[in-house]
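Enquirer: Structure below; questions to follow.
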Amino acid sequence: MNKCVFYGVGVGPGDPELITVRAANIISQSKLIFAPKSGASQESLALKIARRYVGEDTDVRLLEFPLEGSGQRPQERWNESCQPVLEALVRGEDCCFVTLGDPYIYSTYIYLVRAIRNHLPKTNIVTVPGVTAFNAAAALAQFSLAEADESINLVPASVILDASEWEDPPLGAHVVMKIGDKLKNVKASLLGFRETVRTVFVTRAGLPGQKVMEWPSEVPDDLSQANMTVILTRFRAKKSS
C-alpha cells in the first residue's frame, strides 16, 4: 500500500503574500517540490511565487506540461509529464506540487491528480486551495462579483468566441479567463453586446506591472500579457442586432 502523501498547493495569483498560511507551511516543510512550466518557458511562475517559502535543502524539480496542439494525444502528454511524480510516489516519498491560483480552476494539477489516481489509486492526496486570479482582479478593480441573487459565470475566452454558446449571456457577473492570443477577437465579440454595467480588464493581478484597464477604450488589441489576464463584466441585455 502506498502510504506517502501528495500535496497539491495553490500559491495564488502572483503576490507571495497571498499564499495561505497552510500552503506556506506545507511548502516550507516539503523535501521534494514539483512545479509546472510550459514548453516555451525556462522558469515556473508558480515556483517563483513560492520560492521564499522553499527550504534550502529542498529538492525542486520542474515538470514541463506541453501546450495544446503539441502533436501528442492529451493522455499521452499528461502521462509523460506526470511520470517523475509517479516515480517519487512509488519510492514512498512525500511530495508537493505548486500551482498558480487555485488547484481546481483551469490548473495542470487536475490532470496530475487524475494520473495519480489511475496509476496509484491508494495515494493520500491533500489539496490546499489558493486565491484565484479573478478574486485578485476583483479586489484590484473594486469590482463586485456577486450581489443579492446574482450568479457568477466563469467562462474561457473560447466560449465567448462561439456565438452559438454565447448568444444570450446569463445575468450576473462574468469572469472571462484563458484569453491568450484571442484578445483581439474576444474584444470584438464583447463589443457586440449591449453592456450596461462596468467592464474591466485586469492584467498580471498580484504581479509586478499589474494593471486595471477600463473596457474597451484603454485595452489594446495586442497586449503582450494577454495570457495573464482576467475580464470582469456584467450584461443585462441580449446581443445587439
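By convention in this document, the chains of the C-alpha cells carry letters A, B, ... by their order, each chain's residues are numbered from 1, and ligands are numbered from 1 in the order they are shown.
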Sort by chain and increasing residue number a table of all residues of region 38-154 of chain A within 9 Å of region 193-213 of chain A, each with its closest pair of atoms and their distance in Å to one decimal, counting only C-alpha atoms, and write it as a Markdown table.
Expert:
| residue | atom | partner | partner_atom | distance |
| --- | --- | --- | --- | --- |
| A:Ala133 | CA | A:Ala205 | CA | 6.5 |
| A:Phe134 | CA | A:Ala205 | CA | 8.3 |
| A:Ala136 | CA | A:Ala205 | CA | 6.0 |
| A:Ala137 | CA | A:Ala205 | CA | 5.6 |
| A:Ala138 | CA | A:Val202 | CA | 8.4 |
| A:Leu140 | CA | A:Val212 | CA | 7.2 |
| A:Ala141 | CA | A:Val212 | CA | 6.2 |
| A:Phe143 | CA | A:Val200 | CA | 8.4 |
Enquirer: Take the selection from the previous step and output its residues with N, CA and C atoms, as an mmCIF file, in the first residue's frame.
Expert:
data_model
loop_
_atom_site.group_PDB
_atom_site.id
_atom_site.type_symbol
_atom_site.label_atom_id
_atom_site.label_comp_id
_atom_site.auth_asym_id
_atom_site.auth_seq_id
_atom_site.Cartn_x
_atom_site.Cartn_y
_atom_site.Cartn_z
ATOM 1 N N ALA A 133 -7.040 34.050 -9.554
ATOM 2 C CA ALA A 133 -6.693 35.266 -10.293
ATOM 3 C C ALA A 133 -7.888 36.210 -10.367
ATOM 4 N N PHE A 134 -9.101 35.667 -10.505
ATOM 5 C CA PHE A 134 -10.247 36.569 -10.628
ATOM 6 C C PHE A 134 -10.625 37.201 -9.285
ATOM 7 N N ALA A 136 -8.309 38.133 -7.100
ATOM 8 C CA ALA A 136 -7.319 39.205 -7.021
ATOM 9 C C ALA A 136 -7.684 40.347 -7.963
ATOM 10 N N ALA A 137 -8.164 39.996 -9.154
ATOM 11 C CA ALA A 137 -8.558 41.017 -10.129
ATOM 12 C C ALA A 137 -9.727 41.844 -9.615
ATOM 13 N N ALA A 138 -10.710 41.183 -9.018
ATOM 14 C CA ALA A 138 -11.871 41.898 -8.490
ATOM 15 C C ALA A 138 -11.461 42.855 -7.375
ATOM 16 N N LEU A 140 -8.502 44.300 -6.997
ATOM 17 C CA LEU A 140 -7.775 45.412 -7.604
ATOM 18 C C LEU A 140 -8.716 46.408 -8.265
ATOM 19 N N ALA A 141 -9.716 45.896 -8.947
ATOM 20 C CA ALA A 141 -10.622 46.742 -9.719
ATOM 21 C C ALA A 141 -11.793 47.278 -8.909
ATOM 22 N N PHE A 143 -14.368 45.551 -7.994
ATOM 23 C CA PHE A 143 -15.466 45.039 -8.821
ATOM 24 C C PHE A 143 -16.226 43.979 -8.024
#
Enquirer: Would you kindly return, as a PyMOL selection string, each protein, DNA or RNA residue with an atom no farther than 8 Å from any atom of Leu171 (chain A), considering only C-alpha atoms and excluding same-chain residues fewer than 6 positions away?
Expert: chain A and resi 150-151+234-236
Enquirer: What's around region 2-12 of chain A at 7 Å? Count only C-alpha atoms, leave out sequence neighbours fewer than 5 positions away in its own chain, and write the answer as a ChimeraX atom specification.
Expert: /A:18-19,23,46,49-50,89,92-103,122-132
Enquirer: Pull N, CA and C atoms from the residues just selected and write them as a short mmCIF file (atom, residue, chain, number, x, y, z; two decimals), in the first residue's frame.
Expert:
data_model
loop_
_atom_site.label_atom_id
_atom_site.label_comp_id
_atom_site.auth_asym_id
_atom_site.auth_seq_id
_atom_site.Cartn_x
_atom_site.Cartn_y
_atom_site.Cartn_z
N LEU A 18 -0.07 36.54 -0.78
CA LEU A 18 -1.41 35.99 -0.93
C LEU A 18 -1.44 34.47 -0.80
N ILE A 19 -0.29 33.85 -0.53
CA ILE A 19 -0.25 32.43 -0.22
C ILE A 19 -0.82 32.21 1.17
N ALA A 23 -0.62 26.76 3.10
CA ALA A 23 0.21 26.50 1.93
C ALA A 23 1.68 26.78 2.23
N ALA A 46 4.78 29.62 -10.81
CA ALA A 46 4.30 29.11 -9.52
C ALA A 46 5.46 28.94 -8.55
N ILE A 49 6.74 32.34 -7.25
CA ILE A 49 5.88 32.87 -6.21
C ILE A 49 6.15 32.19 -4.87
N ALA A 50 6.34 30.87 -4.92
CA ALA A 50 6.51 30.09 -3.69
C ALA A 50 7.93 30.10 -3.15
N LEU A 89 6.38 8.87 -5.88
CA LEU A 89 5.37 8.26 -5.02
C LEU A 89 5.58 6.76 -4.89
N GLY A 92 7.87 5.93 -2.31
CA GLY A 92 7.38 6.21 -0.96
C GLY A 92 7.71 7.59 -0.46
N GLU A 93 8.01 8.53 -1.35
CA GLU A 93 8.38 9.88 -0.95
C GLU A 93 7.15 10.79 -0.94
N ASP A 94 7.02 11.55 0.15
CA ASP A 94 6.03 12.62 0.15
C ASP A 94 6.48 13.69 -0.83
N CYS A 95 5.56 14.33 -1.53
CA CYS A 95 5.97 15.39 -2.44
C CYS A 95 4.87 16.43 -2.56
N CYS A 96 5.27 17.60 -3.02
CA CYS A 96 4.38 18.75 -3.11
C CYS A 96 4.41 19.29 -4.53
N PHE A 97 3.24 19.65 -5.05
CA PHE A 97 3.14 20.26 -6.37
C PHE A 97 2.53 21.64 -6.19
N VAL A 98 3.25 22.68 -6.63
CA VAL A 98 2.74 24.04 -6.50
C VAL A 98 2.13 24.48 -7.83
N THR A 99 1.02 25.20 -7.75
CA THR A 99 0.32 25.60 -8.96
C THR A 99 -0.29 26.98 -8.77
N LEU A 100 -0.38 27.75 -9.85
CA LEU A 100 -0.94 29.09 -9.80
C LEU A 100 -2.41 29.08 -9.37
N GLY A 101 -2.82 30.15 -8.70
CA GLY A 101 -4.22 30.29 -8.34
C GLY A 101 -4.71 29.18 -7.46
N ASP A 102 -5.84 28.62 -7.83
CA ASP A 102 -6.43 27.50 -7.10
C ASP A 102 -6.22 26.21 -7.88
N PRO A 103 -5.88 25.11 -7.20
CA PRO A 103 -5.57 23.86 -7.90
C PRO A 103 -6.68 23.31 -8.78
N LYS A 122 -4.33 4.42 -4.28
CA LYS A 122 -4.36 4.49 -2.81
C LYS A 122 -3.51 5.64 -2.25
N THR A 123 -2.95 6.44 -3.12
CA THR A 123 -2.16 7.58 -2.66
C THR A 123 -3.02 8.56 -1.88
N ASN A 124 -2.49 9.04 -0.77
CA ASN A 124 -3.17 10.05 0.03
C ASN A 124 -2.90 11.42 -0.61
N ILE A 125 -3.94 12.03 -1.16
CA ILE A 125 -3.81 13.33 -1.85
C ILE A 125 -4.45 14.43 -0.99
N VAL A 126 -3.65 15.44 -0.69
CA VAL A 126 -4.12 16.58 0.11
C VAL A 126 -4.04 17.84 -0.75
N THR A 127 -5.16 18.49 -0.95
CA THR A 127 -5.21 19.68 -1.80
C THR A 127 -5.43 20.93 -0.94
N VAL A 128 -4.59 21.94 -1.17
CA VAL A 128 -4.69 23.20 -0.43
C VAL A 128 -5.19 24.28 -1.39
N PRO A 129 -6.38 24.84 -1.16
CA PRO A 129 -6.92 25.85 -2.08
C PRO A 129 -6.08 27.12 -2.07
N GLY A 130 -6.20 27.89 -3.16
CA GLY A 130 -5.45 29.13 -3.27
C GLY A 130 -6.33 30.27 -3.74
N VAL A 131 -5.85 31.49 -3.56
CA VAL A 131 -6.56 32.67 -4.04
C VAL A 131 -6.55 32.65 -5.57
N THR A 132 -7.69 32.85 -6.18
CA THR A 132 -7.78 32.80 -7.63
C THR A 132 -7.39 34.12 -8.27
#
Enquirer: From the DSSP assignment of the backbone, select every residue of region 16-51 of chain A that is alpha helix (DSSP H), and format the answer as an MDAnalysis selection string.
Expert: chainID A and resid 21:29 45:50
Enquirer: Which is closest to Ser44 (chain A) among A:Ile160, A:Leu63, A:Ile179, A:Ile231, if we use only C-alpha atoms?
Expert: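 Of A:Ile160, A:Leu63, A:Ile179, A:Ile231, the one nearest Ser44 (chain A), counting only C-alpha atoms, is A:Leu63.
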Enquirer: Need to verify the contact set: Gln42 (chain A), 12 Å, only C-alpha atoms, exclusion of same-chain residues closer than 6 positions in sequence. Can you return it as a PyMOL selection string?
Expert: chain A and resi 35-36+48+62-64
Enquirer: Please save C-alpha atoms of the selected residues as a PDB file, in the first residue's frame.
Expert:
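Result file is result38.pdb:
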ATOM      1  CA  ALA A  35       6.463  22.924 -10.191  1.00  0.00           C
ATOM      2  CA  PRO A  36       4.853  23.237 -13.647  1.00  0.00           C
ATOM      3  CA  LYS A  48       8.846  31.877  -8.375  1.00  0.00           C
ATOM      4  CA  LEU A  62      10.277  21.350 -12.927  1.00  0.00           C
ATOM      5  CA  LEU A  63       7.608  19.467 -14.852  1.00  0.00           C
ATOM      6  CA  GLU A  64       7.060  20.519 -18.443  1.00  0.00           C
TER       7      GLU A  64
END
Enquirer: Write out as a PyMOL selection string all residues of region 39-211 of chain A that DSSP puts in strand (DSSP E or B) for this structure's backbone.
Expert: chain A and resi 59-65+95-99+101+124-128+152-156+173-177+193+200-203+211
